[in-house]
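Have a look at the structure below before the remarks.
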Amino acid sequence: MTTRDEAIDITVDDQRIAGTLVTPGTLVPGVLFVHGWGGSQEKYLARARQIAALGCVCLTFNLRGHAETEPQHETVTREDNLRDLIAAYDVLVRQPMVDKASIAVVGSSYGAYLAAILTALRPVRWLALRVPALYKDEDWALPKQQLKKYGLDAFRRRSVSPEENRALRACAAFEGDVLVIESERDDIIPHPVIANYLAAFERAHSLTYRVIEGADHGLSEEPWQQAFTTLLVNWATEMVLGARESRAP
């Protein structure tokens, strides 16, 4: 296996000493997982391990307001959580083996909404959105927990154009590969939201759309969880293997 040498500085006692970081010559894709509102990274660890086995570096993390920072649940804003996502992305791309041009982001519900916005702020090659949520642009600084009081049900049942929504605007500019997964019996994210996302991806390199039959929003039954895992791993396999073949001499 070929290797790469990278000269680095090591800080110690307010001084810097020289070092050389030797890493495998072949870079691998990085995959970032973003859980939904009320979830945690635990929901994605098993899937991350399966995708890592394809030859990827995967990162899961907890958005603020969840898990160890649950006391912030009532006050955390979309801006806070977007900053969490950007920070996690930056950690992933700094890993020596990660190909900065081959980053995938996988998000569910609120996490998928944030993932869509991220594509306008950081380079993303592959984007997988499960039951992506949609929110009004106004009241961006309002605590996320309070947004459900602001007419979201009606908003999510109408046609929304990229011109009037930040997440959809980012999707309209995205030129990578996309996977969108809908739950057939979702009582939180109705089909018009999915349709708005699908319509926005007009510049995507490829768009794969799947529906998990009979499933609810949170995939509360094991067969629905398995269906999501299968869809995600199969899609990721196709994307990763395709990328390797395109780099082969």
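Just remember, in the structure tokens the first chain shown is A, the second B, etc., residues are 1-based per chain, and ligands are 1-based in the order shown.
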
Neighbouring residues of Ala128 in chain A were defined as those with any atom within 9 Å, considering only C-alpha atoms; residues of the same chain fewer than 6 positions away were excluded. Please report them as number ranges by chain. A: 104-108, 112, 115, 177-181, 232, 235

Per DSSP on the backbone, what are the helix (DSSP H, G or I) residues of range 39-226 of chain A, as a PDB file with C-alpha atoms, in the first residue's frame?
```pdb
ATOM      1  CA  GLU A  42     -27.087   6.034  19.415  1.00  0.00           C
ATOM      2  CA  LYS A  43     -29.693   5.616  16.676  1.00  0.00           C
ATOM      3  CA  TYR A  44     -26.994   5.760  14.024  1.00  0.00           C
ATOM      4  CA  LEU A  45     -24.043   3.876  15.531  1.00  0.00           C
ATOM      5  CA  ALA A  46     -24.965   0.460  14.108  1.00  0.00           C
ATOM      6  CA  ARG A  47     -25.520   1.926  10.643  1.00  0.00           C
ATOM      7  CA  ALA A  48     -22.276   3.878  10.885  1.00  0.00           C
ATOM      8  CA  ARG A  49     -20.407   0.658  11.629  1.00  0.00           C
ATOM      9  CA  GLN A  50     -21.923  -1.032   8.574  1.00  0.00           C
ATOM     10  CA  ILE A  51     -20.984   1.855   6.300  1.00  0.00           C
ATOM     11  CA  ALA A  52     -17.508   2.119   7.837  1.00  0.00           C
ATOM     12  CA  ALA A  67     -28.235  13.292  25.500  1.00  0.00           C
ATOM     13  CA  GLU A  68     -25.564  14.839  27.766  1.00  0.00           C
ATOM     14  CA  THR A  69     -26.794  18.397  26.993  1.00  0.00           C
ATOM     15  CA  GLU A  70     -30.501  17.587  27.355  1.00  0.00           C
ATOM     16  CA  PRO A  71     -31.021  20.453  29.871  1.00  0.00           C
ATOM     17  CA  GLN A  72     -30.655  22.821  26.873  1.00  0.00           C
ATOM     18  CA  ARG A  78     -31.658  26.073  14.909  1.00  0.00           C
ATOM     19  CA  GLU A  79     -28.589  28.287  14.709  1.00  0.00           C
ATOM     20  CA  ASP A  80     -27.051  26.469  17.679  1.00  0.00           C
ATOM     21  CA  ASN A  81     -27.647  23.071  16.111  1.00  0.00           C
ATOM     22  CA  LEU A  82     -26.439  24.194  12.695  1.00  0.00           C
ATOM     23  CA  ARG A  83     -23.220  25.321  14.351  1.00  0.00           C
ATOM     24  CA  ASP A  84     -23.012  21.875  16.003  1.00  0.00           C
ATOM     25  CA  LEU A  85     -23.309  20.249  12.573  1.00  0.00           C
ATOM     26  CA  ILE A  86     -20.686  22.516  11.020  1.00  0.00           C
ATOM     27  CA  ALA A  87     -18.298  21.784  13.901  1.00  0.00           C
ATOM     28  CA  ALA A  88     -18.832  18.030  13.496  1.00  0.00           C
ATOM     29  CA  TYR A  89     -18.282  18.307   9.737  1.00  0.00           C
ATOM     30  CA  ASP A  90     -15.020  20.179  10.294  1.00  0.00           C
ATOM     31  CA  VAL A  91     -13.810  17.486  12.705  1.00  0.00           C
ATOM     32  CA  LEU A  92     -14.590  14.775  10.157  1.00  0.00           C
ATOM     33  CA  VAL A  93     -12.751  16.411   7.257  1.00  0.00           C
ATOM     34  CA  TYR A 110     -34.789  17.774  11.849  1.00  0.00           C
ATOM     35  CA  GLY A 111     -31.279  16.479  11.227  1.00  0.00           C
ATOM     36  CA  ALA A 112     -32.077  16.105   7.524  1.00  0.00           C
ATOM     37  CA  TYR A 113     -33.302  19.710   7.435  1.00  0.00           C
ATOM     38  CA  LEU A 114     -30.017  20.875   8.958  1.00  0.00           C
ATOM     39  CA  ALA A 115     -28.072  18.619   6.585  1.00  0.00           C
ATOM     40  CA  ALA A 116     -29.739  20.258   3.595  1.00  0.00           C
ATOM     41  CA  ILE A 117     -28.707  23.707   4.844  1.00  0.00           C
ATOM     42  CA  LEU A 118     -25.167  22.461   5.479  1.00  0.00           C
ATOM     43  CA  LYS A 144     -36.460  25.066  18.280  1.00  0.00           C
ATOM     44  CA  GLN A 145     -38.899  23.614  20.816  1.00  0.00           C
ATOM     45  CA  GLN A 146     -41.214  26.608  20.299  1.00  0.00           C
ATOM     46  CA  LEU A 147     -41.458  26.335  16.504  1.00  0.00           C
ATOM     47  CA  LYS A 148     -44.321  23.829  16.635  1.00  0.00           C
ATOM     48  CA  LYS A 149     -46.564  26.642  17.864  1.00  0.00           C
ATOM     49  CA  LEU A 152     -46.131  24.324  10.991  1.00  0.00           C
ATOM     50  CA  ASP A 153     -48.924  21.903  10.105  1.00  0.00           C
ATOM     51  CA  ALA A 154     -50.424  24.225   7.496  1.00  0.00           C
ATOM     52  CA  PHE A 155     -46.986  25.232   6.222  1.00  0.00           C
ATOM     53  CA  PRO A 162     -36.721  27.196  -2.996  1.00  0.00           C
ATOM     54  CA  GLU A 163     -36.959  30.978  -3.270  1.00  0.00           C
ATOM     55  CA  GLU A 164     -38.915  31.155  -0.011  1.00  0.00           C
ATOM     56  CA  ARG A 166     -33.393  28.296   3.115  1.00  0.00           C
ATOM     57  CA  ALA A 167     -33.225  24.497   3.161  1.00  0.00           C
ATOM     58  CA  LEU A 168     -34.925  24.106  -0.211  1.00  0.00           C
ATOM     59  CA  ARG A 169     -32.734  26.851  -1.673  1.00  0.00           C
ATOM     60  CA  ALA A 170     -29.669  24.853  -0.638  1.00  0.00           C
ATOM     61  CA  CYS A 171     -31.179  21.740  -2.227  1.00  0.00           C
ATOM     62  CA  ALA A 172     -31.805  23.626  -5.477  1.00  0.00           C
ATOM     63  CA  ALA A 173     -28.097  24.482  -5.686  1.00  0.00           C
ATOM     64  CA  HIS A 191     -46.021  13.997   1.618  1.00  0.00           C
ATOM     65  CA  PRO A 192     -46.119  17.660   0.410  1.00  0.00           C
ATOM     66  CA  VAL A 193     -42.882  18.269   2.354  1.00  0.00           C
ATOM     67  CA  ILE A 194     -41.211  15.358   0.583  1.00  0.00           C
ATOM     68  CA  ALA A 195     -42.546  16.623  -2.740  1.00  0.00           C
ATOM     69  CA  ASN A 196     -41.056  20.060  -2.050  1.00  0.00           C
ATOM     70  CA  TYR A 197     -37.641  18.526  -1.413  1.00  0.00           C
ATOM     71  CA  LEU A 198     -37.792  16.291  -4.482  1.00  0.00           C
ATOM     72  CA  ALA A 199     -38.778  19.222  -6.702  1.00  0.00           C
ATOM     73  CA  ALA A 200     -35.922  21.324  -5.343  1.00  0.00           C
ATOM     74  CA  GLU A 222     -37.968  -3.233  13.747  1.00  0.00           C
ATOM     75  CA  PRO A 223     -38.820  -4.196  10.119  1.00  0.00           C
ATOM     76  CA  TRP A 224     -39.035  -0.482   9.259  1.00  0.00           C
ATOM     77  CA  GLN A 225     -35.675   0.155  10.924  1.00  0.00           C
ATOM     78  CA  GLN A 226     -34.190  -2.698   8.921  1.00  0.00           C
TER      79      GLN A 226
END
```

Going by DSSP on the backbone, which bits of range 40-121 of chain A are strand (DSSP E or B)? Write them as number ranges by chain, please. A: 57-59, 77, 98-108

Ranking A:Ser102, A:Glu6, A:Glu213, A:Gly65 by minimum distance to Gly242 in chain A and counting only C-alpha atoms, which one comes first? A:Ser102

Could you check the closest approach to Val76 in chain A for each of A:Trp37, A:Asp5, A:Thr26, A:Arg156 and tell me which residue wins, using only C-alpha atoms? A:Trp37

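Minimum atom-to-atom distances from A:Gly30, A:Pro96, A:Gly38, A:Pro190 to Thr60 in chain A were compared using only C-alpha atoms, and the lowest value belongs to A:Gly30.
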
Å distance separating CA of Asp216 in chain A from CA of Leu54 in chain A, one decimal place: 28.8 Å

Atomic separation - CA of Phe228 in chain A relative to CA of Arg130 in chain A, Å: 8.5 Å

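Pairwise distance (CA of Pro123 in chain A, CA of Phe174 in chain A) equals 9.6 Å.
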
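Of the residues listed (A:Ile103, A:Ala243, A:Ala18, A:Leu142), A:Ile103 shows the shortest atom-to-atom separation from Thr119 in chain A; distances use only C-alpha atoms.
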